[in-house]
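Undergrad: Dropping a structure here in structure tokens format, bear with me for questions.
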Amino acid sequence: MSTAIKSSSVFRVDKFVVPAASLDAFIARMRYVHAILVDLPGSLQRHILTQTGGDGEFNVVTFLEWSDADAVTAALAHVQKRFAEDGFDPKKMVVELGIRADQGFYRKA
């Protein structure tokens with residue numbers, strides 16, 4: 001991978017507070033989302049991380065790296081279409097599972 005592509009990477013980092021009773025269902029849903037992303041152009045990395053120690057408030061973090069902003073834009077459109085086809089509403093899921101989220105896009109500093 002060239003330095004130019006790495007420097008234009010866009011990262012999506014989502015942090016979640018997930019109740020223990022909802023953890024398995026939430027992880028399964030995140031795996032479903034990441035499976036949609038795996039073959040999309042510009043998708044470089046996808047990770048679902050669960051907290052194993054420390055005093056942090058968030059117990060699940062998802063990390064995505066995209067080659068550039070255009071890849072993110074295309075992926076968002078694809079994911080929204082796929083969610084509509086599958087009848088999946090992420091906002092409804094968060095409420096139903098009692099999850100609190102902190103989500104955002106980032107670039108290397």
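Identifiers in this document derive from the order of the structure tokens: chains are assigned A, B, ..., residues are numbered from 1 separately in each chain, and ligands are numbered from 1 in order of occurrence.
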How would you write, as an NGL selection string, the set of residues in segment 21-67 of chain A that DSSP gives as alpha helix (DSSP H)?
TA: :A and (23-37)
Undergrad: Select, from A:Leu97, A:Gly56, A:Leu76, A:Ala109, the residue with the minimum atom-to-atom distance to Lys15 of chain A, counting only C-alpha atoms.
TA: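 Checking each candidate against Lys15 of chain A, we get A:Gly56 as the closest.
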Undergrad: May I ask for the distance between atom CA of Asp89 of chain A and atom CA of Val33 of chain A, given in Å to one decimal place?
TA: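 So the answer is 11.6 Å.
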Undergrad: Using only C-alpha atoms, find the one residue out of A:Val95, A:His47, A:Ala84, A:Asp14 that sits nearest to Arg31 of chain A.
TA: A:His47
Undergrad: Env of segment 103-108 of chain A: 6 Å cut, atoms = only C-alpha atoms, seq-sep filter 6 positions within chain, self excluded. Answer as a list in words.
TA: Val10, Phe11, Arg12, Val13 and Asp14 of chain A
Undergrad: Write out as number ranges by chain the residues lying within 12 Å of segment 24-28 of chain A, counting only C-alpha atoms and excluding same-chain residues fewer than 4 positions away.
TA: A: 16-20, 32-35, 47-50, 59-62, 90, 93-100
Undergrad: Go ahead and write the selection's residues with N, CA, C and O atoms as a CSV table (one decimal), in the first residue's frame.
TA:
```csv
chain,number,residue,atom,x,y,z
A,16,PHE,N,-18.9,1.4,22.5
A,16,PHE,CA,-20.2,1.1,23.0
A,16,PHE,C,-20.2,0.6,24.4
A,16,PHE,O,-19.2,-0.1,24.8
A,17,VAL,N,-21.2,1.0,25.2
A,17,VAL,CA,-21.4,0.4,26.5
A,17,VAL,C,-22.6,-0.6,26.3
A,17,VAL,O,-23.7,-0.2,26.0
A,18,VAL,N,-22.3,-1.8,26.4
A,18,VAL,CA,-23.2,-2.9,26.1
A,18,VAL,C,-23.5,-3.7,27.4
A,18,VAL,O,-22.6,-4.3,28.0
A,19,PRO,N,-24.8,-3.8,27.8
A,19,PRO,CA,-25.1,-4.6,29.0
A,19,PRO,C,-24.7,-6.0,28.7
A,19,PRO,O,-24.8,-6.6,27.6
A,20,ALA,N,-24.3,-6.7,29.8
A,20,ALA,CA,-23.8,-8.1,29.7
A,20,ALA,C,-24.9,-9.0,29.0
A,20,ALA,O,-24.6,-9.8,28.2
A,32,TYR,N,-22.4,-9.3,11.5
A,32,TYR,CA,-23.2,-9.2,10.3
A,32,TYR,C,-22.8,-7.9,9.5
A,32,TYR,O,-22.7,-7.9,8.3
A,33,VAL,N,-22.7,-6.8,10.2
A,33,VAL,CA,-22.3,-5.5,9.6
A,33,VAL,C,-21.0,-5.6,8.9
A,33,VAL,O,-20.8,-5.2,7.8
A,34,HIS,N,-20.0,-6.1,9.6
A,34,HIS,CA,-18.7,-6.2,9.1
A,34,HIS,C,-18.6,-7.2,7.9
A,34,HIS,O,-17.8,-7.0,7.0
A,35,ALA,N,-19.4,-8.2,7.9
A,35,ALA,CA,-19.5,-9.1,6.7
A,35,ALA,C,-20.0,-8.4,5.5
A,35,ALA,O,-19.5,-8.7,4.4
A,47,HIS,N,-12.4,-4.4,12.7
A,47,HIS,CA,-12.2,-5.1,13.9
A,47,HIS,C,-13.3,-4.9,14.9
A,47,HIS,O,-13.9,-3.8,15.0
A,48,ILE,N,-13.7,-5.9,15.6
A,48,ILE,CA,-14.6,-5.8,16.7
A,48,ILE,C,-13.8,-6.2,18.0
A,48,ILE,O,-13.3,-7.3,18.0
A,49,LEU,N,-13.7,-5.3,18.9
A,49,LEU,CA,-12.9,-5.5,20.1
A,49,LEU,C,-13.8,-5.5,21.3
A,49,LEU,O,-14.7,-4.6,21.4
A,50,THR,N,-13.5,-6.4,22.2
A,50,THR,CA,-14.2,-6.4,23.5
A,50,THR,C,-13.2,-6.2,24.6
A,50,THR,O,-12.1,-6.6,24.5
A,59,ASN,N,-17.2,-1.1,26.7
A,59,ASN,CA,-16.8,-2.5,26.7
A,59,ASN,C,-16.7,-3.2,25.3
A,59,ASN,O,-16.2,-4.3,25.1
A,60,VAL,N,-17.2,-2.4,24.2
A,60,VAL,CA,-17.0,-2.9,22.9
A,60,VAL,C,-16.6,-1.7,22.0
A,60,VAL,O,-17.1,-0.6,22.1
A,61,VAL,N,-15.6,-2.0,21.2
A,61,VAL,CA,-15.1,-1.0,20.2
A,61,VAL,C,-15.1,-1.6,18.8
A,61,VAL,O,-14.6,-2.7,18.7
A,62,THR,N,-15.6,-0.9,17.8
A,62,THR,CA,-15.4,-1.4,16.5
A,62,THR,C,-14.5,-0.3,15.8
A,62,THR,O,-14.6,0.9,16.0
A,90,PRO,N,-30.4,0.0,12.8
A,90,PRO,CA,-29.4,0.0,13.9
A,90,PRO,C,-29.9,0.9,15.1
A,90,PRO,O,-29.5,0.5,16.2
A,93,MET,N,-32.1,-1.2,17.2
A,93,MET,CA,-31.3,-2.2,17.9
A,93,MET,C,-30.7,-1.7,19.2
A,93,MET,O,-30.7,-2.3,20.2
A,94,VAL,N,-30.1,-0.5,19.0
A,94,VAL,CA,-29.3,0.1,20.1
A,94,VAL,C,-30.3,0.4,21.3
A,94,VAL,O,-30.0,0.1,22.5
A,95,VAL,N,-31.5,0.9,21.0
A,95,VAL,CA,-32.5,1.1,22.1
A,95,VAL,C,-32.9,-0.2,22.7
A,95,VAL,O,-33.0,-0.4,23.9
A,96,GLU,N,-33.3,-1.2,21.8
A,96,GLU,CA,-33.8,-2.5,22.3
A,96,GLU,C,-32.8,-3.2,23.2
A,96,GLU,O,-33.1,-3.9,24.2
A,97,LEU,N,-31.5,-3.1,22.9
A,97,LEU,CA,-30.5,-3.8,23.6
A,97,LEU,C,-29.9,-3.0,24.8
A,97,LEU,O,-29.0,-3.5,25.5
A,98,GLY,N,-30.4,-1.7,24.9
A,98,GLY,CA,-29.9,-0.9,26.0
A,98,GLY,C,-28.5,-0.4,25.9
A,98,GLY,O,-27.8,-0.4,26.9
A,99,ILE,N,-28.1,-0.1,24.7
A,99,ILE,CA,-26.7,0.2,24.4
A,99,ILE,C,-26.5,1.7,24.3
A,99,ILE,O,-27.4,2.4,23.8
A,100,ARG,N,-25.4,2.2,24.8
A,100,ARG,CA,-25.0,3.6,24.7
A,100,ARG,C,-23.8,3.6,23.7
A,100,ARG,O,-22.8,2.9,23.9
```
Undergrad: Have a look at atom CA of Leu37 of chain A and atom CA of Leu64 of chain A and let me know their distance in Å, one decimal.
TA: 9.3 Å
Undergrad: Just list as a compact mmCIF listing (two decimals) with N, CA, C and O atoms, in the first residue's frame whatever in chain A DSSP marks as strand (DSSP E or B).
TA:
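The result, stored in selection-v3.txt:
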```txt
# COMPACT_ATOMS: atom_id res chain seq x y z
N VAL A 10 -9.38 6.94 6.16
CA VAL A 10 -10.43 7.43 7.06
C VAL A 10 -10.77 6.27 7.99
O VAL A 10 -10.94 5.14 7.55
N PHE A 11 -10.85 6.58 9.28
CA PHE A 11 -11.12 5.57 10.29
C PHE A 11 -12.49 5.83 10.90
O PHE A 11 -12.84 6.97 11.19
N ARG A 12 -13.24 4.78 11.09
CA ARG A 12 -14.50 4.85 11.83
C ARG A 12 -14.25 4.09 13.13
O ARG A 12 -13.91 2.91 13.12
N VAL A 13 -14.40 4.80 14.24
CA VAL A 13 -14.21 4.20 15.55
C VAL A 13 -15.50 4.40 16.33
O VAL A 13 -15.94 5.53 16.55
N ASP A 14 -16.12 3.30 16.69
CA ASP A 14 -17.37 3.33 17.45
C ASP A 14 -17.14 2.63 18.78
O ASP A 14 -16.63 1.51 18.81
N LYS A 15 -17.52 3.32 19.85
CA LYS A 15 -17.35 2.77 21.20
C LYS A 15 -18.74 2.57 21.80
O LYS A 15 -19.61 3.42 21.65
N PHE A 16 -18.92 1.44 22.46
CA PHE A 16 -20.24 1.08 22.98
C PHE A 16 -20.17 0.63 24.43
O PHE A 16 -19.23 -0.07 24.83
N VAL A 17 -21.18 1.00 25.19
CA VAL A 17 -21.43 0.42 26.51
C VAL A 17 -22.58 -0.56 26.28
O VAL A 17 -23.70 -0.15 25.96
N SER A 43 -12.17 -0.94 1.60
CA SER A 43 -12.25 -1.45 2.98
C SER A 43 -10.92 -2.11 3.31
O SER A 43 -10.56 -3.13 2.73
N LEU A 44 -10.17 -1.51 4.24
CA LEU A 44 -8.83 -2.00 4.55
C LEU A 44 -8.76 -2.84 5.81
O LEU A 44 -8.05 -3.85 5.84
N GLN A 45 -9.46 -2.42 6.87
CA GLN A 45 -9.44 -3.17 8.13
C GLN A 45 -10.81 -3.08 8.78
O GLN A 45 -11.49 -2.07 8.67
N ARG A 46 -11.17 -4.15 9.50
CA ARG A 46 -12.40 -4.19 10.28
C ARG A 46 -12.11 -5.00 11.53
O ARG A 46 -11.64 -6.13 11.44
N HIS A 47 -12.38 -4.42 12.68
CA HIS A 47 -12.16 -5.13 13.94
C HIS A 47 -13.33 -4.88 14.89
O HIS A 47 -13.86 -3.77 14.95
N ILE A 48 -13.69 -5.92 15.61
CA ILE A 48 -14.64 -5.82 16.71
C ILE A 48 -13.85 -6.21 17.95
O ILE A 48 -13.34 -7.33 18.04
N LEU A 49 -13.73 -5.27 18.88
CA LEU A 49 -12.91 -5.50 20.07
C LEU A 49 -13.79 -5.48 21.31
O LEU A 49 -14.66 -4.62 21.44
N THR A 50 -13.53 -6.42 22.22
CA THR A 50 -14.22 -6.41 23.50
C THR A 50 -13.21 -6.16 24.60
O THR A 50 -12.07 -6.64 24.54
N VAL A 60 -17.15 -2.44 24.24
CA VAL A 60 -17.02 -2.92 22.87
C VAL A 60 -16.58 -1.73 22.02
O VAL A 60 -17.12 -0.62 22.15
N VAL A 61 -15.60 -1.98 21.15
CA VAL A 61 -15.14 -0.95 20.22
C VAL A 61 -15.08 -1.60 18.84
O VAL A 61 -14.60 -2.73 18.70
N THR A 62 -15.59 -0.89 17.84
CA THR A 62 -15.42 -1.35 16.47
C THR A 62 -14.51 -0.35 15.77
O THR A 62 -14.56 0.85 16.01
N PHE A 63 -13.66 -0.87 14.90
CA PHE A 63 -12.64 -0.08 14.23
C PHE A 63 -12.66 -0.45 12.75
O PHE A 63 -12.52 -1.63 12.42
N LEU A 64 -12.85 0.54 11.91
CA LEU A 64 -12.84 0.33 10.47
C LEU A 64 -11.85 1.29 9.84
O LEU A 64 -11.78 2.46 10.23
N GLU A 65 -11.08 0.81 8.87
CA GLU A 65 -10.20 1.70 8.11
C GLU A 65 -10.61 1.64 6.65
O GLU A 65 -10.75 0.56 6.08
N TRP A 66 -10.77 2.82 6.06
CA TRP A 66 -11.12 2.98 4.65
C TRP A 66 -9.98 3.68 3.93
O TRP A 66 -9.31 4.52 4.52
N ARG A 100 -25.37 2.19 24.80
CA ARG A 100 -25.00 3.60 24.65
C ARG A 100 -23.78 3.64 23.74
O ARG A 100 -22.84 2.87 23.91
N ALA A 101 -23.79 4.57 22.76
CA ALA A 101 -22.74 4.60 21.76
C ALA A 101 -22.08 5.96 21.67
O ALA A 101 -22.70 7.00 21.92
N ASP A 102 -20.81 5.95 21.27
CA ASP A 102 -20.03 7.13 20.93
C ASP A 102 -19.35 6.79 19.61
O ASP A 102 -18.47 5.93 19.56
N GLN A 103 -19.79 7.44 18.52
CA GLN A 103 -19.35 7.05 17.19
C GLN A 103 -18.76 8.24 16.44
O GLN A 103 -19.23 9.36 16.61
N GLY A 104 -17.77 7.96 15.60
CA GLY A 104 -17.22 9.05 14.81
C GLY A 104 -16.20 8.59 13.78
O GLY A 104 -15.72 7.46 13.80
N PHE A 105 -15.89 9.53 12.86
CA PHE A 105 -14.87 9.32 11.84
C PHE A 105 -13.61 10.06 12.27
O PHE A 105 -13.68 11.14 12.85
N TYR A 106 -12.46 9.47 11.94
CA TYR A 106 -11.18 10.03 12.36
C TYR A 106 -10.16 9.94 11.23
O TYR A 106 -10.30 9.11 10.33
```
Undergrad: Quick one: of A:Ser8, A:Ser22, A:Gln80, A:Lys92, who's nearest to Ser67 of chain A, counting only C-alpha atoms?
TA: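 Between A:Ser8, A:Ser22, A:Gln80, A:Lys92, the residue approaching Ser67 of chain A most closely is A:Ser8.
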